[in-house]
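Source file: query_21.csv. Holds: CSV, C-alpha atoms.
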```csv
chain,number,residue,atom,x,y,z
A,1026,MET,CA,-59.3,-12.8,-17.3
A,1027,ASN,CA,-57.6,-10.5,-19.9
A,1028,HIS,CA,-57.7,-7.6,-17.6
A,1029,LEU,CA,-56.3,-9.7,-14.8
A,1030,ALA,CA,-53.4,-10.9,-17.0
A,1031,PHE,CA,-52.6,-7.3,-18.0
A,1032,LEU,CA,-52.5,-6.3,-14.3
A,1033,ALA,CA,-50.4,-9.3,-13.6
A,1034,ARG,CA,-47.9,-8.2,-16.2
A,1035,VAL,CA,-47.7,-4.7,-14.8
A,1036,ALA,CA,-47.4,-6.0,-11.2
A,1037,LEU,CA,-44.6,-8.4,-12.3
A,1038,GLY,CA,-42.7,-5.8,-14.2
A,1039,ALA,CA,-43.0,-3.1,-11.5
A,1040,THR,CA,-41.9,-5.6,-8.8
A,1041,PHE,CA,-38.8,-6.6,-10.7
A,1042,VAL,CA,-37.9,-3.0,-11.5
A,1043,TRP,CA,-38.3,-2.1,-7.8
A,1044,LEU,CA,-36.3,-5.1,-6.5
A,1045,GLY,CA,-33.6,-4.7,-9.0
A,1046,LEU,CA,-33.1,-1.0,-8.1
A,1047,ALA,CA,-33.1,-1.9,-4.4
A,1048,LYS,CA,-30.2,-4.4,-5.0
A,1049,LEU,CA,-28.3,-1.9,-7.2
A,1050,GLY,CA,-28.3,0.5,-4.2
A,1051,ALA,CA,-26.4,-2.0,-2.1
A,1052,LEU,CA,-24.5,-4.3,-4.4
A,1053,PRO,CA,-21.9,-5.5,-1.7
A,1054,GLU,CA,-24.7,-6.4,0.6
A,1055,PHE,CA,-26.4,-8.4,-2.3
A,1056,LEU,CA,-23.1,-10.1,-3.0
A,1057,LYS,CA,-22.8,-11.1,0.7
A,1058,ALA,CA,-26.3,-12.4,0.7
A,1059,ILE,CA,-25.6,-14.6,-2.3
A,1060,ARG,CA,-22.6,-16.0,-0.5
A,1061,GLU,CA,-24.8,-16.9,2.5
A,1062,TYR,CA,-26.8,-19.4,0.4
A,1063,HIS,CA,-23.6,-21.5,-0.2
A,1064,LEU,CA,-25.1,-22.6,-3.6
A,1065,VAL,CA,-22.3,-21.0,-5.6
A,1066,ASP,CA,-18.8,-21.7,-4.4
A,1067,HIS,CA,-16.8,-19.8,-7.0
A,1068,GLY,CA,-16.0,-16.2,-5.9
A,1069,ARG,CA,-16.0,-14.7,-9.4
A,1070,ALA,CA,-19.3,-16.5,-10.3
A,1071,MET,CA,-20.8,-14.8,-7.2
A,1072,THR,CA,-19.5,-11.5,-8.4
A,1073,PHE,CA,-20.9,-12.0,-11.8
A,1074,ILE,CA,-24.4,-12.9,-10.5
A,1075,ALA,CA,-24.4,-9.9,-8.1
A,1076,ALA,CA,-23.3,-7.5,-10.8
A,1077,THR,CA,-25.7,-8.6,-13.5
A,1078,LEU,CA,-28.8,-9.9,-11.9
A,1079,PRO,CA,-30.1,-6.6,-10.6
A,1080,TRP,CA,-29.7,-5.0,-14.1
A,1081,VAL,CA,-31.5,-8.0,-15.8
A,1082,GLU,CA,-34.3,-7.4,-13.3
A,1083,VAL,CA,-34.5,-3.7,-13.9
A,1084,PHE,CA,-34.3,-3.9,-17.7
A,1085,GLY,CA,-36.5,-7.0,-18.0
A,1086,GLY,CA,-39.1,-5.4,-15.7
A,1087,ALA,CA,-39.1,-2.2,-17.7
A,1088,LEU,CA,-39.6,-4.2,-21.0
A,1089,LEU,CA,-42.5,-6.1,-19.4
A,1090,LEU,CA,-44.1,-2.8,-18.4
A,1091,LEU,CA,-43.6,-1.5,-21.9
A,1092,GLY,CA,-45.0,-4.7,-23.3
A,1093,VAL,CA,-41.9,-5.9,-25.2
A,1094,ALA,CA,-41.2,-9.6,-25.6
A,1095,VAL,CA,-43.8,-10.2,-22.9
A,1096,ARG,CA,-43.9,-14.0,-22.8
A,1097,GLY,CA,-40.2,-14.5,-23.2
A,1098,ILE,CA,-39.4,-12.2,-20.3
A,1099,SER,CA,-42.2,-13.8,-18.2
A,1100,LEU,CA,-40.6,-17.1,-18.8
A,1101,VAL,CA,-37.2,-15.8,-17.8
A,1102,PHE,CA,-38.7,-14.3,-14.6
A,1103,LEU,CA,-40.6,-17.5,-13.9
A,1104,ALA,CA,-37.3,-19.4,-14.0
A,1105,PHE,CA,-35.7,-16.8,-11.7
A,1106,LEU,CA,-38.6,-17.0,-9.2
A,1107,ALA,CA,-38.4,-20.8,-9.2
A,1108,ALA,CA,-34.7,-20.7,-8.5
A,1109,PHE,CA,-35.0,-18.0,-5.8
A,1110,THR,CA,-37.9,-19.9,-4.1
A,1111,PHE,CA,-35.9,-23.1,-4.0
A,1112,ALA,CA,-32.9,-21.3,-2.6
A,1113,ILE,CA,-34.9,-19.4,0.1
A,1114,ALA,CA,-36.8,-22.5,1.1
A,1115,ALA,CA,-33.5,-24.5,1.4
A,1116,ARG,CA,-31.9,-21.8,3.5
A,1117,GLY,CA,-35.0,-21.5,5.6
A,1118,VAL,CA,-34.8,-25.2,6.4
A,1119,ASP,CA,-31.1,-24.9,7.3
A,1120,VAL,CA,-31.7,-21.9,9.6
A,1121,ALA,CA,-34.7,-23.5,11.2
A,1122,ALA,CA,-32.7,-26.7,11.9
A,1123,ALA,CA,-29.6,-24.8,13.2
A,1124,ASP,CA,-31.6,-22.5,15.5
A,1125,GLY,CA,-34.3,-24.9,16.5
A,1126,LEU,CA,-37.1,-22.8,15.2
A,1127,ALA,CA,-40.3,-23.6,13.4
A,1128,PHE,CA,-39.9,-23.0,9.7
A,1129,CYS,CA,-42.3,-20.1,9.6
A,1130,ALA,CA,-40.5,-18.4,12.5
A,1131,VAL,CA,-37.3,-18.0,10.5
A,1132,ALA,CA,-36.5,-14.6,9.2
A,1133,PHE,CA,-33.3,-13.5,7.3
A,1134,ASP,CA,-32.1,-11.1,4.7
A,1135,CYS,CA,-32.7,-13.1,1.5
A,1136,GLY,CA,-30.8,-10.6,-0.6
A,1137,CYS,CA,-34.1,-9.9,-2.4
A,1138,GLY,CA,-33.7,-6.2,-1.8
A,1139,THR,CA,-36.4,-6.1,0.9
A,1140,GLY,CA,-34.1,-6.6,3.9
A,1141,VAL,CA,-34.8,-9.1,6.7
A,1142,GLU,CA,-38.1,-10.8,6.0
A,1143,ASN,CA,-40.0,-13.8,7.3
A,1144,VAL,CA,-39.3,-16.8,5.2
A,1145,CYS,CA,-43.0,-18.0,4.8
A,1146,ARG,CA,-44.1,-14.5,3.8
A,1147,LYS,CA,-41.3,-14.3,1.2
A,1148,LEU,CA,-42.2,-17.7,-0.2
A,1149,ALA,CA,-45.9,-16.6,-0.4
A,1150,GLU,CA,-44.8,-13.4,-2.2
A,1151,ASN,CA,-42.8,-15.4,-4.7
A,1152,GLY,CA,-45.7,-17.8,-5.2
A,1153,ALA,CA,-47.9,-14.8,-6.1
A,1154,LEU,CA,-45.4,-13.5,-8.5
A,1155,MET,CA,-45.1,-16.9,-10.1
A,1156,VAL,CA,-48.9,-17.0,-10.6
A,1157,CYS,CA,-48.6,-13.6,-12.3
A,1158,ALA,CA,-45.9,-14.9,-14.6
A,1159,LEU,CA,-48.0,-18.0,-15.5
A,1160,LEU,CA,-51.0,-15.8,-16.2
A,1161,VAL,CA,-49.0,-13.6,-18.6
A,1162,LEU,CA,-47.5,-16.7,-20.2
A,1163,PHE,CA,-50.7,-18.6,-20.8
A,1164,THR,CA,-53.3,-16.0,-21.5
A,1165,ARG,CA,-53.7,-13.4,-24.3
A,1166,GLY,CA,-54.4,-10.6,-21.8
A,1167,GLY,CA,-50.8,-10.1,-20.9
A,1168,LEU,CA,-50.1,-9.0,-24.5
A,1169,ARG,CA,-52.5,-6.1,-24.3
A,1170,LEU,CA,-51.2,-2.5,-24.8
A,1171,GLY,CA,-47.7,-3.7,-25.6
A,1172,LEU,CA,-45.2,-1.9,-27.8
A,1173,ARG,CA,-43.9,-5.2,-29.3
A,1174,PRO,CA,-45.5,-8.1,-27.3
A,1175,ARG,CA,-44.0,-10.8,-29.5
A,1176,LEU,CA,-40.4,-10.3,-30.4
A,1177,LEU,CA,-40.6,-13.1,-32.9
A,1178,GLY,CA,-43.3,-13.3,-35.5
A,1179,ALA,CA,-46.2,-11.0,-36.4
A,1180,ARG,CA,-46.2,-7.5,-34.9
A,1181,THR,CA,-49.6,-7.6,-33.4
A,1182,THR,CA,-51.0,-5.7,-30.5
A,1183,THR,CA,-54.1,-7.0,-28.7
A,1184,ALA,CA,-56.3,-4.0,-27.7
B,1425,MET,CA,-46.9,-26.3,-29.1
B,1426,ALA,CA,-45.4,-24.0,-31.8
B,1427,GLU,CA,-46.4,-21.0,-29.6
B,1428,PHE,CA,-44.6,-22.5,-26.6
B,1429,ARG,CA,-41.5,-23.2,-28.6
B,1430,ARG,CA,-41.6,-19.6,-29.9
B,1431,THR,CA,-41.8,-18.4,-26.3
B,1432,VAL,CA,-38.8,-20.5,-25.3
B,1433,VAL,CA,-36.8,-19.1,-28.2
B,1434,GLU,CA,-37.9,-15.6,-27.3
B,1435,ALA,CA,-36.9,-16.2,-23.6
B,1436,CYS,CA,-33.4,-17.4,-24.6
B,1437,LEU,CA,-32.9,-14.5,-27.0
B,1438,VAL,CA,-34.1,-11.9,-24.5
B,1439,GLY,CA,-32.1,-13.6,-21.7
B,1440,VAL,CA,-28.9,-13.3,-23.7
B,1441,LEU,CA,-29.6,-9.7,-24.7
B,1442,LEU,CA,-30.5,-8.7,-21.1
B,1443,LEU,CA,-27.3,-10.3,-19.9
B,1444,LEU,CA,-25.2,-8.3,-22.4
B,1445,VAL,CA,-26.9,-5.1,-21.5
B,1446,ALA,CA,-26.5,-5.9,-17.8
B,1447,ILE,CA,-22.7,-6.4,-18.2
B,1448,ALA,CA,-22.5,-3.1,-20.0
B,1449,ALA,CA,-24.6,-1.3,-17.4
B,1450,ASN,CA,-22.4,-2.7,-14.6
B,1451,GLU,CA,-19.3,-1.4,-16.3
B,1452,ALA,CA,-20.9,2.1,-16.7
B,1453,TYR,CA,-22.3,2.1,-13.2
B,1454,PRO,CA,-20.0,4.0,-10.8
B,1455,ASP,CA,-20.9,1.7,-7.9
B,1456,GLY,CA,-20.7,-1.4,-10.1
B,1457,LEU,CA,-18.7,-4.5,-9.1
B,1458,GLU,CA,-15.4,-5.6,-10.7
B,1459,LEU,CA,-16.5,-8.6,-12.7
B,1460,ARG,CA,-13.0,-10.3,-12.6
B,1461,ARG,CA,-12.6,-9.9,-8.8
B,1462,ASP,CA,-13.3,-12.5,-6.1
B,1463,TYR,CA,-14.4,-10.2,-3.3
B,1464,PHE,CA,-14.0,-12.9,-0.7
B,1465,ARG,CA,-10.5,-14.0,-1.6
B,1466,PRO,CA,-8.0,-11.2,-1.3
B,1467,ASP,CA,-5.3,-11.3,-3.9
B,1468,VAL,CA,-2.0,-9.7,-3.8
B,1469,ARG,CA,-2.2,-6.2,-5.4
B,1470,PRO,CA,0.3,-3.5,-5.7
B,1471,LEU,CA,-0.4,-0.2,-3.9
B,1472,PRO,CA,-1.8,2.5,-6.2
B,1473,ALA,CA,1.1,4.6,-7.6
B,1474,ASP,CA,0.0,7.8,-5.7
B,1475,THR,CA,0.0,6.1,-2.3
B,1476,PRO,CA,2.4,8.1,0.1
B,1477,ALA,CA,5.2,5.8,1.1
B,1478,THR,CA,5.6,7.1,4.6
B,1479,ALA,CA,5.4,4.0,6.5
B,1480,ALA,CA,7.9,1.9,4.7
B,1481,THR,CA,10.6,4.4,5.6
B,1482,THR,CA,9.3,5.8,8.9
B,1483,PRO,CA,9.8,3.6,12.0
B,1484,PRO,CA,6.7,3.1,14.1
B,1485,PRO,CA,6.3,5.3,17.2
B,1486,GLU,CA,7.7,3.9,20.4
B,1487,ARG,CA,5.9,3.6,23.7
B,1488,PRO,CA,6.9,6.3,26.2
B,1489,ASP,CA,8.5,3.6,28.4
B,1490,GLY,CA,10.4,2.1,25.5
B,1491,THR,CA,8.8,-1.4,25.9
B,1492,PRO,CA,8.3,-3.4,22.8
B,1493,ASP,CA,4.8,-3.4,21.5
B,1494,VAL,CA,4.7,-6.2,19.1
B,1495,ALA,CA,1.6,-8.4,19.3
B,1496,PRO,CA,2.1,-11.8,20.9
B,1497,GLU,CA,1.8,-14.8,18.7
B,1498,GLY,CA,-1.7,-16.0,18.5
B,1499,ALA,CA,-4.2,-15.0,20.7
B,1500,THR,CA,-6.8,-13.9,23.0
B,1501,PRO,CA,-6.1,-14.4,26.6
B,1502,PRO,CA,-8.5,-17.0,28.0
B,1503,GLY,CA,-11.2,-16.0,30.4
B,1504,ASP,CA,-11.3,-12.4,29.7
B,1505,PRO,CA,-14.1,-11.0,31.8
B,1506,VAL,CA,-15.1,-8.1,29.6
B,1507,ALA,CA,-15.1,-10.2,26.4
B,1508,ALA,CA,-17.1,-12.8,28.2
B,1509,ALA,CA,-19.7,-10.1,29.0
B,1510,ALA,CA,-19.9,-9.0,25.4
B,1511,PRO,CA,-22.8,-10.3,23.3
B,1512,SER,CA,-20.8,-13.1,21.8
B,1513,ASP,CA,-20.1,-16.4,23.5
B,1514,GLU,CA,-18.8,-19.6,22.2
B,1515,GLU,CA,-19.5,-18.3,18.8
B,1516,ILE,CA,-16.7,-15.7,19.2
B,1517,ALA,CA,-14.2,-18.4,20.3
B,1518,LYS,CA,-15.2,-20.4,17.2
B,1519,VAL,CA,-14.7,-17.4,14.9
B,1520,GLU,CA,-11.4,-16.5,16.5
B,1521,ALA,CA,-10.1,-20.1,16.1
B,1522,ARG,CA,-11.1,-20.0,12.4
B,1523,ILE,CA,-9.4,-16.6,11.9
B,1524,ARG,CA,-6.2,-17.8,13.6
B,1525,ALA,CA,-6.2,-20.9,11.5
B,1526,GLU,CA,-6.0,-18.6,8.5
B,1527,GLY,CA,-2.8,-17.0,9.8
B,1528,LEU,CA,-4.3,-13.9,11.3
B,1529,GLN,CA,-4.2,-12.8,14.9
B,1530,THR,CA,-7.2,-12.0,17.0
B,1531,ILE,CA,-7.5,-9.5,19.9
B,1532,SER,CA,-9.8,-9.6,22.9
B,1533,HIS,CA,-12.1,-6.8,23.9
B,1534,ALA,CA,-10.0,-6.1,27.0
B,1535,GLU,CA,-6.9,-5.6,24.9
B,1536,VAL,CA,-8.8,-3.4,22.5
B,1537,VAL,CA,-10.0,-1.1,25.3
B,1538,GLU,CA,-6.4,-1.0,26.7
B,1539,LEU,CA,-5.1,0.2,23.3
B,1540,PHE,CA,-7.9,2.7,22.9
B,1541,GLU,CA,-7.3,4.2,26.3
B,1542,ASP,CA,-3.5,4.4,25.9
B,1543,PRO,CA,-2.6,8.1,25.4
B,1544,ILE,CA,-0.4,7.2,22.4
B,1545,TYR,CA,-3.5,6.0,20.5
B,1546,GLN,CA,-4.1,9.7,19.8
B,1547,ASP,CA,-0.7,9.9,18.2
B,1548,GLY,CA,-1.5,7.2,15.7
B,1549,ALA,CA,0.5,4.5,17.4
B,1550,TYR,CA,-2.5,2.2,17.3
B,1551,VAL,CA,-4.8,2.2,14.3
B,1552,PHE,CA,-8.4,1.0,14.4
B,1553,VAL,CA,-9.9,0.0,11.1
B,1554,ASP,CA,-13.6,-0.3,10.6
B,1555,ALA,CA,-14.4,-2.7,7.7
B,1556,ARG,CA,-18.1,-1.8,7.3
B,1557,ASN,CA,-19.8,0.2,4.7
B,1558,ASP,CA,-20.5,4.0,4.7
B,1559,ALA,CA,-23.9,3.8,6.3
B,1560,HIS,CA,-22.8,1.7,9.2
B,1561,TYR,CA,-19.5,3.5,9.7
B,1562,GLU,CA,-21.2,6.9,9.8
B,1563,ALA,CA,-23.9,5.6,12.2
B,1564,GLY,CA,-21.1,5.0,14.7
B,1565,HIS,CA,-17.5,3.7,14.8
B,1566,VAL,CA,-14.8,3.4,17.4
B,1567,PRO,CA,-13.6,7.0,17.8
B,1568,GLY,CA,-10.7,7.7,15.5
B,1569,ALA,CA,-11.1,4.5,13.5
B,1570,TYR,CA,-10.4,4.6,9.8
B,1571,GLN,CA,-12.9,3.2,7.3
B,1572,PHE,CA,-11.8,0.4,5.0
B,1573,ASP,CA,-14.7,-1.2,3.3
B,1574,HIS,CA,-12.9,-3.9,1.3
B,1575,PHE,CA,-15.7,-3.9,-1.4
B,1576,ARG,CA,-14.7,-0.3,-2.2
B,1577,MET,CA,-11.1,-0.4,-0.9
B,1578,GLU,CA,-9.7,1.8,-3.7
B,1579,ARG,CA,-11.4,4.7,-1.9
B,1580,TYR,CA,-9.5,4.1,1.3
B,1581,VAL,CA,-6.3,2.5,0.6
B,1582,ASN,CA,-4.2,5.6,0.1
B,1583,GLU,CA,-5.0,6.9,3.5
B,1584,VAL,CA,-5.4,3.7,5.5
B,1585,VAL,CA,-2.4,1.6,4.4
B,1586,PRO,CA,0.3,4.3,5.3
B,1587,ALA,CA,-1.5,4.9,8.6
B,1588,CYS,CA,-1.3,1.1,9.4
B,1589,GLN,CA,2.3,0.8,8.2
B,1590,GLY,CA,3.3,3.5,10.7
B,1591,ALA,CA,1.5,1.9,13.6
B,1592,LEU,CA,2.5,-0.4,16.5
B,1593,ARG,CA,-0.8,-2.3,16.3
B,1594,VAL,CA,-3.6,-2.4,13.9
B,1595,VAL,CA,-7.1,-3.5,15.0
B,1596,VAL,CA,-9.6,-4.4,12.3
B,1597,TYR,CA,-13.3,-5.0,13.1
B,1598,CYS,CA,-16.7,-5.1,11.5
B,1599,TYR,CA,-20.1,-5.6,13.0
B,1600,GLY,CA,-19.2,-8.6,15.2
B,1601,ARG,CA,-20.0,-12.2,15.6
B,1602,ASP,CA,-19.6,-14.0,12.3
B,1603,CYS,CA,-19.2,-11.0,10.0
B,1604,THR,CA,-16.3,-11.7,7.7
B,1605,ASP,CA,-15.5,-8.2,6.5
B,1606,SER,CA,-12.9,-7.6,9.2
B,1607,GLU,CA,-10.8,-10.7,8.3
B,1608,ILE,CA,-11.1,-10.0,4.5
B,1609,ALA,CA,-10.0,-6.4,5.2
B,1610,ALA,CA,-7.1,-7.7,7.4
B,1611,LYS,CA,-6.0,-10.0,4.6
B,1612,HIS,CA,-6.1,-7.1,2.1
B,1613,LEU,CA,-4.0,-4.9,4.5
B,1614,LYS,CA,-1.5,-7.8,4.9
B,1615,ASN,CA,-1.3,-8.0,1.1
B,1616,PHE,CA,-0.7,-4.3,0.8
B,1617,GLY,CA,2.3,-4.7,3.0
B,1618,VAL,CA,1.1,-4.2,6.6
B,1619,ASP,CA,3.2,-6.3,8.9
B,1620,PRO,CA,1.0,-9.3,9.9
B,1621,SER,CA,2.6,-9.3,13.4
B,1622,ILE,CA,0.9,-6.0,14.2
B,1623,LEU,CA,-2.4,-6.9,12.6
B,1624,ALA,CA,-5.3,-8.3,14.7
B,1625,VAL,CA,-9.0,-8.9,14.1
B,1626,TYR,CA,-11.3,-7.8,16.9
B,1627,VAL,CA,-14.1,-10.4,16.6
B,1628,PRO,CA,-16.7,-8.9,19.0
B,1629,GLY,CA,-16.6,-5.9,16.6
B,1630,ILE,CA,-18.8,-2.8,17.1
B,1631,GLN,CA,-21.4,-5.0,18.7
B,1632,GLY,CA,-19.0,-6.0,21.5
B,1633,TRP,CA,-17.8,-2.4,21.8
B,1634,CYS,CA,-21.3,-1.1,22.2
B,1635,ALA,CA,-22.3,-3.9,24.5
B,1636,ASP,CA,-19.6,-2.6,26.9
B,1637,GLY,CA,-21.3,0.8,27.0
B,1638,ARG,CA,-18.5,2.5,25.1
B,1639,GLN,CA,-19.1,5.6,23.0
B,1640,VAL,CA,-18.8,5.9,19.3
B,1641,GLU,CA,-17.9,8.6,16.9
B,1642,LYS,CA,-20.6,9.4,14.3
B,1643,GLY,CA,-20.2,10.8,10.8
B,1644,PRO,CA,-16.8,10.9,9.2
B,1645,ARG,CA,-13.5,10.2,11.1
B,1646,GLY,CA,-12.5,13.2,13.3
B,1647,SER,CA,-16.0,14.6,13.3
B,1648,GLY,CA,-15.8,15.0,17.0
B,1649,GLU,CA,-19.4,13.9,17.3
B,1650,ILE,CA,-19.1,11.4,20.2
B,1651,GLY,CA,-22.1,9.7,21.6
B,1652,ALA,CA,-23.8,6.5,22.7
B,1653,CYS,CA,-24.4,3.7,20.3
B,1654,ASP,CA,-27.7,3.7,18.5
B,1655,SER,CA,-29.8,0.8,19.8
```

Can you give me the file's structure in the form of structure tokens?
Amino acid sequence: MNHLAFLARVALGATFVWLGLAKLGALPEFLKAIREYHLVDHGRAMTFIAATLPWVEVFGGALLLLGVAVRGISLVFLAFLAAFTFAIAARGVDVAAADGLAFCAVAFDCGCGTGVENVCRKLAENGALMVCALLVLFTRGGLRLGLRPRLLGARTTTA
Amino acid sequence: MAEFRRTVVEACLVGVLLLLVAIAANEAYPDGLELRRDYFRPDVRPLPADTPATAATTPPPERPDGTPDVAPEGATPPGDPVAAAAPSDEEIAKVEARIRAEGLQTISHAEVVELFEDPIYQDGAYVFVDARNDAHYEAGHVPGAYQFDHFRMERYVNEVVPACQGALRVVVYCYGRDCTDSEIAAKHLKNFGVDPSILAVYVPGIQGWCADGRQVEKGPRGSGEIGACDS
């Protein structure tokens, strides 16, 4: 279980670094994708999210890979994933209803940095990442080989 | 429970720190976004100081036959056969109605083709403005069209605004269908002083242009690399 949790931490960190970098390469497209969700109505709020979220993903993912503040970052990413999953599912339902498609036949650019993707596949990917985050949060294995696994409290490294 | 509480505090702390670092990184990033800007609601901005003021003083070119060439109020002629054949149906009419309700004009595919084929297009009497990003613009744009990606408009404004101000008609387009970049770009151009009576949004966009079998220019403007649209 400890090895699995360590691998989950690496997978979660690497995925967020990769997705953050992909968004940074096309910020206007990411901004447009955020607008498509119609969840945030304020233009400047959308700009703020588009400008900062990719960097939070990149730096947070890098810290997770290095093993700094492991559980805190995992909790932040778990919250992100829960919000993204809700937004993608809600938009998938809207698109399916508008186009008369089965839910799993819907595909759109979710703004995740991976281009146009099938909604069910994306939800499954998010589910897998949420399991990774939970593993890191609730087992000791995620703290292994970290530079500063706990930001608050004793400076211990589990080998 | 104490461990979970510590994790929550750590998450809050890390979240705030990451946000501050993200704001700083965005400021330092050359392709970062302007945090105070609403990219979907063009505001009135002054032209950059180094913009050549040609258009304000130079009258627009005249047609050879001396006929006036101001765009008619409103709209697209109904039942246009070419536009009907383009890959956009009622959706286009709906988008055009929305754009007109916002005080902008639209232009049909047939009118756009007419402008493009008019010999005075080559003299800059009509200006086409492509509102898409670098990758899409360079993959293929209406031959001679200027690029004006409104997300990065500071890169284009010095060249595009004077060209538009000196034109008889300005046609702004993006991908087509419900892409909104062309109308946002048109609003920016209007705010920069381009006469709204010459400004029109071509709703079918590059998709409609290509669906008609028309050729595009690849690479930068004036590259001369004319070819078929990529499928």

Q | Interatomic distance, CA of Leu1126 (chain A) to CA of Tyr1599 (chain B) (Å, one decimal) | A |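 Distance between the two atoms: 24.3 Å.
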
Q: Provide as an NGL selection string the residues of chain B at most 12 Å from chain A, counting all atoms listed in the file.
A: :B and (1425-1467 or 1556-1560 or 1573-1577 or 1602-1605)

Set the distance at 7 Å and use all atoms listed in the file: which residues neighbour region 1630-1640 of chain B once local chain neighbours fewer than 2 positions away are removed? I'd like the list as a PDB file with C-alpha atoms, in the frame of the given file.
```pdb
ATOM      1  CA  ALA B1510     -19.900  -9.000  25.400  1.00  0.00           C
ATOM      2  CA  PRO B1511     -22.800 -10.300  23.300  1.00  0.00           C
ATOM      3  CA  GLY B1564     -21.100   5.000  14.700  1.00  0.00           C
ATOM      4  CA  HIS B1565     -17.500   3.700  14.800  1.00  0.00           C
ATOM      5  CA  VAL B1566     -14.800   3.400  17.400  1.00  0.00           C
ATOM      6  CA  PRO B1567     -13.600   7.000  17.800  1.00  0.00           C
ATOM      7  CA  CYS B1598     -16.700  -5.100  11.500  1.00  0.00           C
ATOM      8  CA  TYR B1599     -20.100  -5.600  13.000  1.00  0.00           C
ATOM      9  CA  GLY B1600     -19.200  -8.600  15.200  1.00  0.00           C
ATOM     10  CA  PRO B1628     -16.700  -8.900  19.000  1.00  0.00           C
ATOM     11  CA  LYS B1642     -20.600   9.400  14.300  1.00  0.00           C
ATOM     12  CA  ILE B1650     -19.100  11.400  20.200  1.00  0.00           C
ATOM     13  CA  GLY B1651     -22.100   9.700  21.600  1.00  0.00           C
ATOM     14  CA  ALA B1652     -23.800   6.500  22.700  1.00  0.00           C
ATOM     15  CA  CYS B1653     -24.400   3.700  20.300  1.00  0.00           C
TER      16      CYS B1653
END
```

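Shortest separation to Ala1115 (chain A) among A:Ala1127, A:Leu1064, A:Leu1037, A:Leu1159 occurs at residue A:Leu1064, atoms counted being only C-alpha atoms.
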
(Q) Would you compute the distance between CA of Gly1590 (chain B) and CA of Gly1548 (chain B)? Give it in Å to one decimal. (A)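 Taking CA of Gly1590 (chain B) as the start and CA of Gly1548 (chain B) as the end point, the length is 7.9 Å.
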
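Distance annotation: of B:Ala1563, B:Leu1592, B:Leu1528, B:Ile1516, the residue with the minimal separation from Tyr1545 (chain B) is B:Leu1592; atom set is all atoms listed in the file.
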
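Across the model, the gap from CA of Arg1579 (chain B) to CA of Tyr1062 (chain A) is 28.7 Å.
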
Q) Out of A:Val1161, A:Phe1105, A:Ala1039, A:Ala1047, which residue has the shortest atom-to-atom distance to Pro1174 (chain A) when counting all atoms listed in the file? A)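 Nearest candidate to Pro1174 (chain A) out of A:Val1161, A:Phe1105, A:Ala1039, A:Ala1047: A:Val1161.
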
Q | Phe1128 (chain A) surroundings by all atoms listed in the file, 8 Å radius, close-in-sequence under 3 positions cut, as an MDAnalysis selection string | A | chainID A and resid 1117:1118 1121 1131 1144:1145

**Q.** Best match for closeness to Tyr1570 (chain B) among B:Pro1586, B:Gly1527, B:Pro1620, B:Pro1543, counting all atoms listed in the file
**A.**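 Looking only at the distances to Tyr1570 (chain B), the closest residue turns out to be B:Pro1586.
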
**Q.** Of the listed residues B:Val1581, B:Arg1593, B:Ile1544, B:Glu1526, that which approaches His1612 (chain B) most closely, counting all atoms listed in the file
**A.**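 Smallest separation from His1612 (chain B) among the options: B:Val1581.
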